[in-house]
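Undergrad: Pasting entry_32.cif below, which is mmCIF, C-alpha atoms.
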data_run
#
loop_
_atom_site.label_atom_id
_atom_site.label_comp_id
_atom_site.auth_asym_id
_atom_site.auth_seq_id
_atom_site.Cartn_x
_atom_site.Cartn_y
_atom_site.Cartn_z
CA MET A 1 -6.12 19.42 26.36
CA ASN A 2 -2.95 17.43 26.35
CA LYS A 3 -0.12 19.44 24.84
CA ASP A 4 1.08 16.80 22.42
CA LYS A 5 -2.45 16.37 21.11
CA ASN A 6 -2.41 19.85 19.73
CA PRO A 7 0.03 19.97 16.85
CA GLN A 8 -1.25 23.24 15.47
CA THR A 9 2.16 24.77 15.46
CA PRO A 10 4.50 21.92 14.72
CA LYS A 11 8.00 22.88 15.69
CA THR A 12 11.03 21.14 14.34
CA SER A 13 12.36 19.49 17.42
CA LYS A 14 16.13 19.40 17.40
CA PRO A 15 17.53 16.52 19.39
CA GLN A 16 20.39 17.57 21.66
CA ASN A 17 22.83 15.04 20.29
CA HIS A 18 22.57 16.41 16.77
CA THR A 19 24.29 19.73 16.54
CA THR A 20 25.08 19.51 12.85
CA GLU A 21 21.65 19.34 11.24
CA TRP A 22 21.69 21.89 8.45
CA PRO A 23 18.97 24.52 8.55
CA LEU A 24 15.75 24.04 6.58
CA TRP A 25 15.12 26.24 3.52
CA GLU A 26 11.91 26.86 1.60
CA VAL A 27 12.33 26.77 -2.16
CA PHE A 28 10.47 28.92 -4.69
CA ILE A 29 10.80 28.36 -8.44
CA ARG A 30 9.89 30.57 -11.39
CA SER A 31 8.97 28.08 -14.10
CA LYS A 32 9.42 30.63 -16.89
CA ASN A 33 9.81 34.36 -17.24
CA GLY A 34 6.50 36.11 -16.98
CA LEU A 35 5.28 33.82 -14.19
CA GLU A 36 5.71 34.27 -10.45
CA HIS A 37 7.95 32.19 -8.20
CA ARG A 38 5.95 29.43 -6.59
CA HIS A 39 6.66 27.44 -3.47
CA VAL A 40 7.73 23.92 -4.44
CA GLY A 41 9.00 22.41 -1.20
CA SER A 42 11.91 22.56 1.18
CA LEU A 43 15.37 21.14 1.75
CA HIS A 44 18.32 21.28 4.11
CA ALA A 45 21.54 23.15 3.31
CA ALA A 46 24.43 24.63 5.25
CA ASP A 47 24.03 28.06 3.66
CA ALA A 48 22.13 29.97 0.98
CA ASP A 49 24.53 29.10 -1.85
CA MET A 50 24.25 25.42 -1.09
CA ALA A 51 20.48 25.74 -0.79
CA ILE A 52 20.33 27.09 -4.35
CA GLU A 53 22.60 24.34 -5.65
CA ASN A 54 20.58 21.66 -3.88
CA ALA A 55 17.32 23.19 -5.09
CA ARG A 56 18.68 23.03 -8.64
CA ASP A 57 19.30 19.27 -8.24
CA VAL A 58 16.17 18.43 -6.26
CA TYR A 59 13.52 20.59 -7.93
CA THR A 60 14.68 21.37 -11.49
CA ARG A 61 16.00 18.10 -12.94
CA ARG A 62 13.64 18.45 -15.89
CA GLN A 63 13.80 22.12 -16.72
CA GLU A 64 11.09 23.07 -14.24
CA GLY A 65 12.61 26.46 -13.60
CA VAL A 66 14.56 29.48 -14.80
CA SER A 67 14.99 31.14 -11.40
CA ILE A 68 15.21 29.97 -7.80
CA TRP A 69 14.53 31.74 -4.51
CA VAL A 70 15.49 30.18 -1.19
CA VAL A 71 14.63 31.47 2.25
CA GLU A 72 15.38 29.93 5.61
CA SER A 73 12.15 28.41 6.90
CA ARG A 74 12.53 30.02 10.34
CA ASN A 75 12.31 33.45 8.70
CA ILE A 76 8.78 32.81 7.46
CA THR A 77 5.91 34.11 9.55
CA ALA A 78 2.68 32.29 8.80
CA SER A 79 -0.90 33.08 9.74
CA ASN A 80 -2.47 30.72 12.24
CA PRO A 81 -5.38 28.60 10.93
CA GLU A 82 -7.13 29.29 14.25
CA ASN A 83 -7.44 32.90 13.17
CA SER A 84 -8.71 32.09 9.69
CA GLY A 85 -12.21 33.21 10.60
CA GLU A 86 -11.32 36.73 11.64
CA LEU A 87 -8.73 37.06 8.89
CA PHE A 88 -10.64 35.83 5.89
CA GLU A 89 -14.34 35.72 6.63
CA PRO A 90 -14.91 39.48 6.57
CA ALA A 91 -14.31 39.38 2.80
CA LYS A 92 -17.07 36.81 2.34
CA ASP A 93 -20.06 39.17 2.52
CA LYS A 94 -18.47 42.02 0.58
CA ILE A 95 -20.02 40.98 -2.68
CA TYR A 96 -20.01 44.63 -3.80
CA ARG A 97 -16.29 44.17 -4.48
CA HIS A 98 -17.14 42.00 -7.47
CA PRO A 99 -18.18 43.32 -10.88
CA THR A 100 -21.28 41.13 -11.03
CA PHE A 101 -22.78 43.01 -8.06
CA TYR A 102 -23.55 45.96 -10.33
CA GLU A 103 -26.46 45.42 -12.68
CA LEU A 104 -26.18 47.02 -16.07
CA PRO A 105 -28.33 46.62 -19.22
CA ILE A 106 -27.27 43.70 -21.44
CA GLU A 107 -27.09 45.84 -24.58
CA LEU A 108 -24.25 47.84 -23.07
CA LYS A 109 -20.85 46.80 -24.56
CA HIS A 110 -17.25 46.90 -23.35
CA ILE A 111 -18.00 47.45 -19.70
CA MET B 1 -19.22 16.52 24.29
CA SER B 2 -15.55 17.14 25.12
CA PRO B 3 -13.71 19.74 23.08
CA GLU B 4 -11.42 16.97 21.81
CA ILE B 5 -14.33 15.00 20.34
CA LYS B 6 -15.76 18.14 18.78
CA LEU B 7 -12.42 18.86 17.12
CA GLU B 8 -12.22 15.29 15.84
CA ASP B 9 -15.73 15.49 14.42
CA ALA B 10 -14.93 18.76 12.68
CA PHE B 11 -11.72 17.20 11.37
CA GLN B 12 -13.55 14.17 9.97
CA ALA B 13 -16.13 16.48 8.40
CA ARG B 14 -13.35 18.31 6.57
CA ILE B 15 -11.91 15.00 5.34
CA ASP B 16 -15.35 13.82 4.19
CA ASP B 17 -15.74 17.13 2.38
CA GLU B 18 -12.50 16.37 0.46
CA GLN B 19 -10.67 19.29 2.05
CA LYS B 20 -6.91 18.90 2.35
CA ILE B 21 -5.25 19.07 5.75
CA GLU B 22 -2.27 21.42 5.94
CA PRO B 23 0.63 21.38 8.43
CA LYS B 24 -0.65 23.99 10.89
CA ASP B 25 -4.24 22.70 10.95
CA TRP B 26 -5.50 20.83 14.00
CA MET B 27 -5.30 17.08 13.50
CA PRO B 28 -5.79 14.08 15.76
CA GLU B 29 -2.50 12.91 17.19
CA LYS B 30 -2.98 9.51 15.59
CA TYR B 31 -3.42 11.08 12.16
CA ARG B 32 -0.15 12.94 12.64
CA LYS B 33 1.70 9.85 13.90
CA THR B 34 0.32 7.65 11.12
CA HIS B 35 1.50 10.14 8.55
CA ILE B 36 4.94 10.49 10.04
CA ARG B 37 5.24 6.71 9.98
CA GLN B 38 3.91 6.29 6.47
CA ILE B 39 5.67 9.23 4.81
CA SER B 40 9.00 8.45 6.43
CA GLN B 41 8.70 4.79 5.54
CA HIS B 42 8.08 5.89 1.99
CA ALA B 43 11.07 8.26 2.08
CA HIS B 44 13.35 5.56 3.50
CA SER B 45 12.21 3.22 0.71
CA GLU B 46 13.29 5.73 -1.92
CA ILE B 47 16.69 6.14 -0.27
CA VAL B 48 17.37 2.45 0.35
CA GLY B 49 15.93 1.73 -3.10
CA MET B 50 18.96 3.40 -4.64
CA LEU B 51 21.24 0.65 -3.30
CA PRO B 52 20.17 -2.42 -5.33
CA GLU B 53 20.17 -0.37 -8.53
CA GLY B 54 23.36 1.51 -7.73
CA ASN B 55 24.94 -1.94 -7.75
CA TRP B 56 24.62 -2.01 -11.56
CA ILE B 57 25.56 1.54 -12.58
CA THR B 58 29.19 0.66 -13.22
CA ARG B 59 28.18 -2.46 -15.14
CA ALA B 60 25.35 -1.15 -17.28
CA PRO B 61 25.69 -2.73 -20.75
CA SER B 62 25.74 0.55 -22.71
CA LEU B 63 26.15 4.28 -22.24
CA LYS B 64 22.42 4.76 -22.90
CA ARG B 65 21.51 2.28 -20.16
CA LYS B 66 24.00 3.83 -17.80
CA LEU B 67 22.60 7.33 -18.32
CA GLY B 68 19.06 6.08 -17.81
CA LEU B 69 19.94 4.22 -14.64
CA LEU B 70 21.93 7.14 -13.23
CA ALA B 71 19.00 9.47 -13.85
CA LYS B 72 16.60 7.02 -12.23
CA VAL B 73 18.73 6.62 -9.13
CA GLN B 74 19.12 10.39 -8.91
CA ASP B 75 15.34 10.74 -9.13
CA GLU B 76 14.98 8.33 -6.23
CA ALA B 77 17.28 10.48 -4.11
CA GLY B 78 15.07 13.43 -5.05
CA HIS B 79 11.90 11.53 -4.20
CA GLY B 80 13.34 10.66 -0.80
CA LEU B 81 14.07 14.35 -0.22
CA TYR B 82 10.56 15.50 -1.22
CA LEU B 83 9.11 12.97 1.21
CA TYR B 84 11.43 13.76 4.11
CA SER B 85 10.43 17.42 3.74
CA ALA B 86 6.77 16.45 3.79
CA ALA B 87 7.32 14.39 6.96
CA GLU B 88 9.14 17.30 8.61
CA THR B 89 6.06 19.50 8.24
CA LEU B 90 4.50 17.24 10.90
CA GLY B 91 7.03 18.29 13.50
CA ILE B 92 9.77 15.68 13.32
CA SER B 93 13.36 16.57 12.42
CA ARG B 94 15.39 15.10 9.58
CA ASP B 95 17.95 13.75 12.02
CA GLU B 96 15.25 11.97 14.03
CA LEU B 97 13.96 10.42 10.81
CA PHE B 98 17.44 9.21 9.89
CA ASP B 99 17.93 7.86 13.41
CA GLN B 100 14.76 5.82 13.09
CA LEU B 101 16.00 4.32 9.82
CA HIS B 102 19.51 3.64 11.04
CA THR B 103 18.43 2.04 14.30
CA GLY B 104 15.91 -0.17 12.52
CA LYS B 105 12.98 1.49 14.31
CA ALA B 106 11.50 2.62 10.99
CA LYS B 107 10.82 0.24 8.15
CA TYR B 108 11.32 0.60 4.42
CA SER B 109 9.83 -1.42 1.58
CA SER B 110 10.91 -5.05 1.87
CA ILE B 111 11.43 -5.35 -1.86
CA PHE B 112 14.83 -3.67 -1.50
CA ASN B 113 16.05 -6.48 0.70
CA TYR B 114 16.27 -8.74 -2.33
CA PRO B 115 19.55 -8.84 -4.26
CA THR B 116 20.09 -7.70 -7.86
CA LEU B 117 21.97 -10.64 -9.30
CA SER B 118 21.92 -9.86 -13.03
CA TRP B 119 21.39 -6.90 -15.35
CA ALA B 120 17.91 -8.24 -16.09
CA ASP B 121 17.01 -7.50 -12.47
CA ILE B 122 17.34 -3.81 -13.26
CA GLY B 123 14.75 -4.28 -15.99
CA ALA B 124 12.49 -6.29 -13.71
CA ILE B 125 12.74 -3.71 -10.93
CA GLY B 126 11.82 -0.82 -13.22
CA TRP B 127 8.94 -2.74 -14.74
CA LEU B 128 7.52 -4.50 -11.67
CA VAL B 129 8.73 -2.66 -8.60
CA ASP B 130 8.24 0.82 -10.03
CA GLY B 131 5.03 -0.41 -11.63
CA ALA B 132 3.70 -1.51 -8.24
CA ALA B 133 4.93 1.72 -6.66
CA ILE B 134 3.12 3.79 -9.30
CA ILE B 135 -0.21 2.11 -8.55
CA ASN B 136 0.18 2.98 -4.89
CA GLN B 137 1.49 6.48 -5.57
CA VAL B 138 -1.20 7.46 -8.05
CA MET B 139 -3.71 6.70 -5.33
CA LEU B 140 -1.67 8.77 -2.88
CA THR B 141 -1.76 11.91 -5.07
CA ARG B 142 -5.32 12.23 -3.68
CA THR B 143 -4.37 11.59 -0.06
CA SER B 144 -5.82 13.98 2.50
CA TYR B 145 -2.58 15.49 3.82
CA GLY B 146 -1.56 18.36 1.51
CA PRO B 147 2.26 18.16 1.63
CA TYR B 148 2.19 14.38 1.09
CA ALA B 149 -0.23 14.69 -1.84
CA ARG B 150 1.91 17.40 -3.45
CA ALA B 151 5.08 15.34 -3.09
CA MET B 152 3.23 12.44 -4.71
CA VAL B 153 2.14 14.51 -7.70
CA ARG B 154 5.76 15.47 -8.30
CA ILE B 155 6.93 11.89 -7.87
CA CYS B 156 4.30 10.40 -10.17
CA LYS B 157 5.31 12.78 -12.96
CA GLU B 158 8.82 11.38 -12.78
CA GLU B 159 8.07 7.75 -12.03
CA SER B 160 6.64 6.81 -15.41
CA PHE B 161 10.09 7.13 -17.00
CA HIS B 162 11.41 4.62 -14.45
CA GLN B 163 8.91 1.99 -15.42
CA ARG B 164 9.34 2.51 -19.14
CA GLN B 165 13.12 2.27 -18.96
CA GLY B 166 12.69 -0.99 -17.02
CA TYR B 167 10.24 -2.47 -19.48
CA GLU B 168 12.47 -1.46 -22.39
CA ILE B 169 15.37 -3.35 -20.80
CA MET B 170 13.13 -6.43 -20.49
CA LEU B 171 11.92 -6.03 -24.07
CA THR B 172 15.46 -5.81 -25.41
CA LEU B 173 16.49 -8.93 -23.50
CA CYS B 174 13.39 -10.84 -24.60
CA GLN B 175 14.05 -9.99 -28.25
CA GLY B 176 17.70 -11.01 -27.93
CA MET B 177 19.47 -14.35 -27.69
CA PRO B 178 17.87 -17.28 -25.83
CA GLU B 179 20.36 -16.69 -22.98
CA GLN B 180 19.19 -13.09 -22.68
CA LYS B 181 15.55 -14.09 -22.65
CA ALA B 182 16.37 -16.68 -19.98
CA MET B 183 17.90 -13.87 -17.90
CA ALA B 184 14.67 -11.88 -18.21
CA GLN B 185 12.62 -14.94 -17.22
CA ASP B 186 14.87 -15.57 -14.22
CA ALA B 187 14.50 -11.97 -13.06
CA LEU B 188 10.71 -12.20 -13.38
CA ASN B 189 10.77 -15.46 -11.41
CA ARG B 190 12.61 -13.84 -8.54
CA PHE B 191 10.86 -10.46 -8.50
CA TRP B 192 7.23 -11.43 -9.16
CA TRP B 193 6.23 -12.54 -5.68
CA PRO B 194 8.19 -9.87 -3.79
CA SER B 195 6.48 -7.29 -6.05
CA LEU B 196 3.05 -8.59 -5.03
CA MET B 197 4.16 -8.40 -1.40
CA MET B 198 4.84 -4.67 -1.85
CA PHE B 199 1.13 -3.98 -1.38
CA GLY B 200 1.32 -5.26 2.17
CA PRO B 201 -0.64 -7.86 4.13
CA ARG B 202 -4.08 -9.04 3.10
CA ASP B 203 -6.90 -6.69 4.06
CA SER B 204 -8.04 -9.16 6.70
CA ASP B 205 -4.57 -8.94 8.32
CA SER B 206 -4.20 -5.18 7.98
CA PRO B 207 -5.79 -3.59 11.05
CA ASN B 208 -4.79 -0.04 10.07
CA THR B 209 -6.49 -0.10 6.69
CA GLU B 210 -9.96 0.85 7.91
CA GLN B 211 -8.79 3.98 9.74
CA SER B 212 -6.51 4.93 6.85
CA VAL B 213 -9.39 4.71 4.40
CA LYS B 214 -11.63 6.72 6.73
CA TRP B 215 -9.04 9.48 6.92
CA LYS B 216 -8.46 9.22 3.18
CA ILE B 217 -4.80 8.49 3.67
CA LYS B 218 -5.47 5.48 1.49
CA ARG B 219 -8.34 5.32 -0.93
CA LYS B 220 -8.00 1.69 -1.88
CA THR B 221 -7.14 -1.35 0.19
CA ASN B 222 -4.00 -3.48 -0.17
CA ASP B 223 -5.91 -6.26 -1.90
CA GLU B 224 -7.61 -3.89 -4.34
CA LEU B 225 -4.28 -2.35 -5.33
CA ARG B 226 -2.64 -5.77 -5.65
CA GLN B 227 -5.43 -6.98 -7.95
CA GLN B 228 -5.07 -3.84 -10.06
CA PHE B 229 -1.34 -4.52 -10.42
CA VAL B 230 -1.85 -8.15 -11.46
CA ASP B 231 -4.51 -7.19 -14.03
CA ILE B 232 -2.25 -4.56 -15.58
CA THR B 233 0.93 -6.61 -15.52
CA VAL B 234 -0.16 -9.99 -16.90
CA PRO B 235 -0.66 -8.74 -20.49
CA GLN B 236 2.70 -6.94 -20.29
CA ALA B 237 4.41 -10.25 -19.41
CA GLU B 238 2.57 -11.96 -22.27
CA TYR B 239 3.86 -9.31 -24.66
CA LEU B 240 7.40 -10.04 -23.51
CA GLY B 241 6.76 -13.77 -24.03
CA ILE B 242 7.86 -14.73 -20.54
CA THR B 243 5.87 -16.62 -17.92
CA ILE B 244 4.69 -15.35 -14.57
CA PRO B 245 5.75 -17.96 -11.98
CA ASP B 246 2.27 -18.70 -10.67
CA PRO B 247 0.46 -21.90 -11.74
CA ASP B 248 -2.81 -20.57 -10.28
CA LEU B 249 -2.80 -17.43 -12.39
CA LYS B 250 -5.76 -17.36 -14.76
CA TRP B 251 -8.40 -14.99 -16.08
CA ASN B 252 -11.69 -15.15 -14.22
CA GLU B 253 -14.46 -14.19 -16.59
CA ASP B 254 -17.05 -13.79 -13.83
CA ARG B 255 -14.96 -11.44 -11.73
CA GLY B 256 -13.42 -9.65 -14.70
CA HIS B 257 -10.05 -10.02 -13.00
CA TYR B 258 -7.14 -12.44 -12.90
CA ASP B 259 -7.17 -15.00 -10.11
CA PHE B 260 -3.74 -15.58 -8.66
CA GLY B 261 -2.02 -17.85 -6.15
CA GLU B 262 -1.35 -17.29 -2.49
CA ILE B 263 1.64 -15.21 -1.45
CA ASP B 264 4.15 -16.90 0.84
CA TRP B 265 3.23 -14.85 3.89
CA GLU B 266 5.82 -16.57 6.02
CA GLU B 267 8.51 -15.15 3.71
CA PHE B 268 6.78 -11.76 3.75
CA TRP B 269 6.89 -11.51 7.56
CA GLN B 270 10.43 -12.84 7.75
CA VAL B 271 11.70 -10.10 5.42
CA VAL B 272 9.67 -7.44 7.26
CA LYS B 273 11.24 -8.62 10.52
CA GLY B 274 14.73 -8.14 9.12
CA ASN B 275 15.57 -11.65 7.99
CA GLY B 276 15.49 -11.09 4.23
CA PRO B 277 18.48 -11.82 1.99
CA CYS B 278 19.95 -8.29 2.16
CA ASN B 279 18.42 -6.50 5.18
CA LYS B 280 21.69 -6.23 7.08
CA GLU B 281 23.74 -5.29 4.03
CA ARG B 282 21.32 -2.52 3.02
CA LEU B 283 21.17 -0.99 6.47
CA LYS B 284 24.93 -1.19 6.88
CA ALA B 285 25.51 0.58 3.54
CA ARG B 286 23.13 3.32 4.65
CA VAL B 287 24.65 3.73 8.13
CA ASP B 288 28.21 3.71 6.72
CA ALA B 289 27.31 6.42 4.20
CA TRP B 290 25.80 8.54 6.98
CA GLU B 291 28.71 8.11 9.37
CA GLU B 292 31.44 8.47 6.79
CA GLY B 293 29.75 11.63 5.52
CA ALA B 294 29.65 13.24 8.96
CA TRP B 295 32.84 15.23 8.38
CA VAL B 296 31.39 16.68 5.16
CA ARG B 297 28.28 17.92 6.97
CA GLU B 298 30.38 19.40 9.75
CA ALA B 299 32.85 21.01 7.33
CA ALA B 300 29.99 22.62 5.40
CA VAL B 301 28.64 24.15 8.60
CA ALA B 302 32.13 25.35 9.63
CA TYR B 303 32.63 26.92 6.21
CA SER B 304 29.28 28.66 6.26
CA THR B 305 29.96 29.98 9.78
CA LYS B 306 33.38 31.28 8.68
CA ILE B 307 31.89 33.10 5.69
CA LYS B 308 29.19 34.64 7.86
CA ASN B 309 31.74 35.80 10.44
CA ASN B 310 33.92 37.35 7.73
CA GLU B 311 30.92 39.26 6.41
CA VAL B 312 30.12 40.54 9.89
CA LYS B 313 33.75 41.70 10.31
CA ARG B 314 33.78 43.46 6.95
CA THR B 315 30.60 45.38 7.62
CA ALA B 316 31.59 46.17 11.23
#
So, in terms of structure tokens, how does the structure I just supplied come out?

TA:
Amino acid sequence: MNKDKNPQTPKTSKPQNHTTEWPLWEVFIRSKNGLEHRHVGSLHAADADMAIENARDVYTRRQEGVSIWVVESRNITASNPENSGELFEPAKDKIYRHPTFYELPIELKHI
Amino acid sequence: MSPEIKLEDAFQARIDDEQKIEPKDWMPEKYRKTHIRQISQHAHSEIVGMLPEGNWITRAPSLKRKLGLLAKVQDEAGHGLYLYSAAETLGISRDELFDQLHTGKAKYSSIFNYPTLSWADIGAIGWLVDGAAIINQVMLTRTSYGPYARAMVRICKEESFHQRQGYEIMLTLCQGMPEQKAMAQDALNRFWWPSLMMFGPRDSDSPNTEQSVKWKIKRKTNDELRQQFVDITVPQAEYLGITIPDPDLKWNEDRGHYDFGEIDWEEFWQVVKGNGPCNKERLKARVDAWEEGAWVREAAVAYSTKIKNNEVKRTA
């Protein structure tokens, strides 16, 4: 298979003549206390402080958040979709991990 | 069957099953290229779209209007950034995307190559241009590529304010003095046809449409979206009491839609090819901003490197 026909692991290609492109950061926002941070998107910034400031302007213009996490995209390790079968399918037939697998009389309460 | 064909069949089956495609999933090269082209074109449109409106920020007629316009233009910068990020998930860098815009290799929406001559144009743009964009973008919230669809959801949430602020400007002008209403009519006259052109060539002249629909990049054709826009917009113009500049426009009872006149396709292609009223000016403003900002980008990197080095020294 031709290499460029297999974009399973897209890499950010950095052209040689651009040495100043700021690194890419992934942005996570907590919309309110009590909820988890959720991934909202990414942006470029020269450093972590700037990434937080930019995230404030790009992702919370309408009070979407009370807390921001940023992490440089290259520091994220992701699972490969090619391995999804071996990673996730074993859980499929383990129905005994769900409460409905266990049959109890209807008249029983609070269980 | 070759492994390539098998992969393509499996891919199409996922699309048909309404599954979203995510960045690391296998995808046909053409799907990836089409998305890079479409998402980046969309991103460039948001960025260049700031220019005609930015023209009126300093001359907005009231503080309220100025705040609204500033917020709208800031949103457009944000929308451009969401979309550039989505395009980058397909393996192209931000700098390459900018290069394509600045060298004219990539296109942006032709509507932004028309000038904003009066304050009423800001109203007309919000009402018509953002209105047309919303119709397209609402469809795209269901597009098959996950990052693009998510960016669209975010954008659509914000876009409705843009259209309402535009219509409110038109409404205020139309309820004002005859001169003000004439300004609103003039803006409608100039922006009506370019707004219809935003939906692209006729289906019969749009060779990519079929594949895009098959891959669920688009879920409606150019002509369907254009008709939807006309049907929605005509009553809004009637409410304003101004006239859409199309003598052929009339309700067709049988079709349940408005019939409308033929777009000047010669003008459409001229503007696409770079010969619109403001193509050169827009691109120059964009390139100047990029080049004149180079020292800021470099200084930020130098500063961040210095801070990092100092931290290393302190902990050494």

Undergrad: Set the cut-off to 6 Å and count only C-alpha atoms: what are the residues of chain B that reach chain A? Output as a VMD selection string.

TA: chain B and resid 24 to 26 29 78 85 91 to 93 300 to 301 304

Undergrad: Which residues match the PyMOL selection byres ((chain B and resi 155-159) around 7) in the file above, as number ranges by chain?

TA: B: 79, 134, 137-138, 151-154, 160-163

Undergrad: Give me, as JSON, numbers by chain, all polymer residues having an atom no more than 9 Å from B:Asn279, counting all atoms listed in the file and skipping those fewer than 4 positions away in the same chain.

TA: {"B": [110, 112, 113, 114, 271, 274, 275, 283, 284]}

Undergrad: One decimal, in Å: what's the spacing between atom CA of B:Asn189 and atom CA of B:Ala120?

TA: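 Value for the atom CA of B:Asn189-atom CA of B:Ala120 distance: 11.2 Å.
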
Undergrad: Separation of atom CA of B:Lys214 and atom CA of B:Glu4, in Å?

TA: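 Taking atom CA of B:Lys214 as the start and atom CA of B:Glu4 as the end point, the length is 18.2 Å.
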
Undergrad: Apply the PyMOL selection byres ((chain B and resi 247-249) around 7) to the structure shown and report the selected residues as a PyMOL selection string.

TA: chain B and resi 245-246+250+258-261

Undergrad: Evaluate the PyMOL selection byres ((chain B and resi 57) around 10) here and jot the selected residues down as a PyMOL selection string.

TA: chain B and resi 52-56+58-61+65-70+73+119+122

Undergrad: Quick one: pull the distance between atom CA of B:Ala43 and atom CA of B:Tyr303, Å, one decimal.

TA: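 Atom CA of B:Ala43 sits 28.8 Å away from atom CA of B:Tyr303.
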
Undergrad: Find the spatial neighbours of B:Lys20, counting only C-alpha atoms, within a cut-off of 9 Å - ignore same-chain residues fewer than 4 positions away - and output them as a VMD selection string.

TA: chain B and resid 14 to 15 143 to 146 149
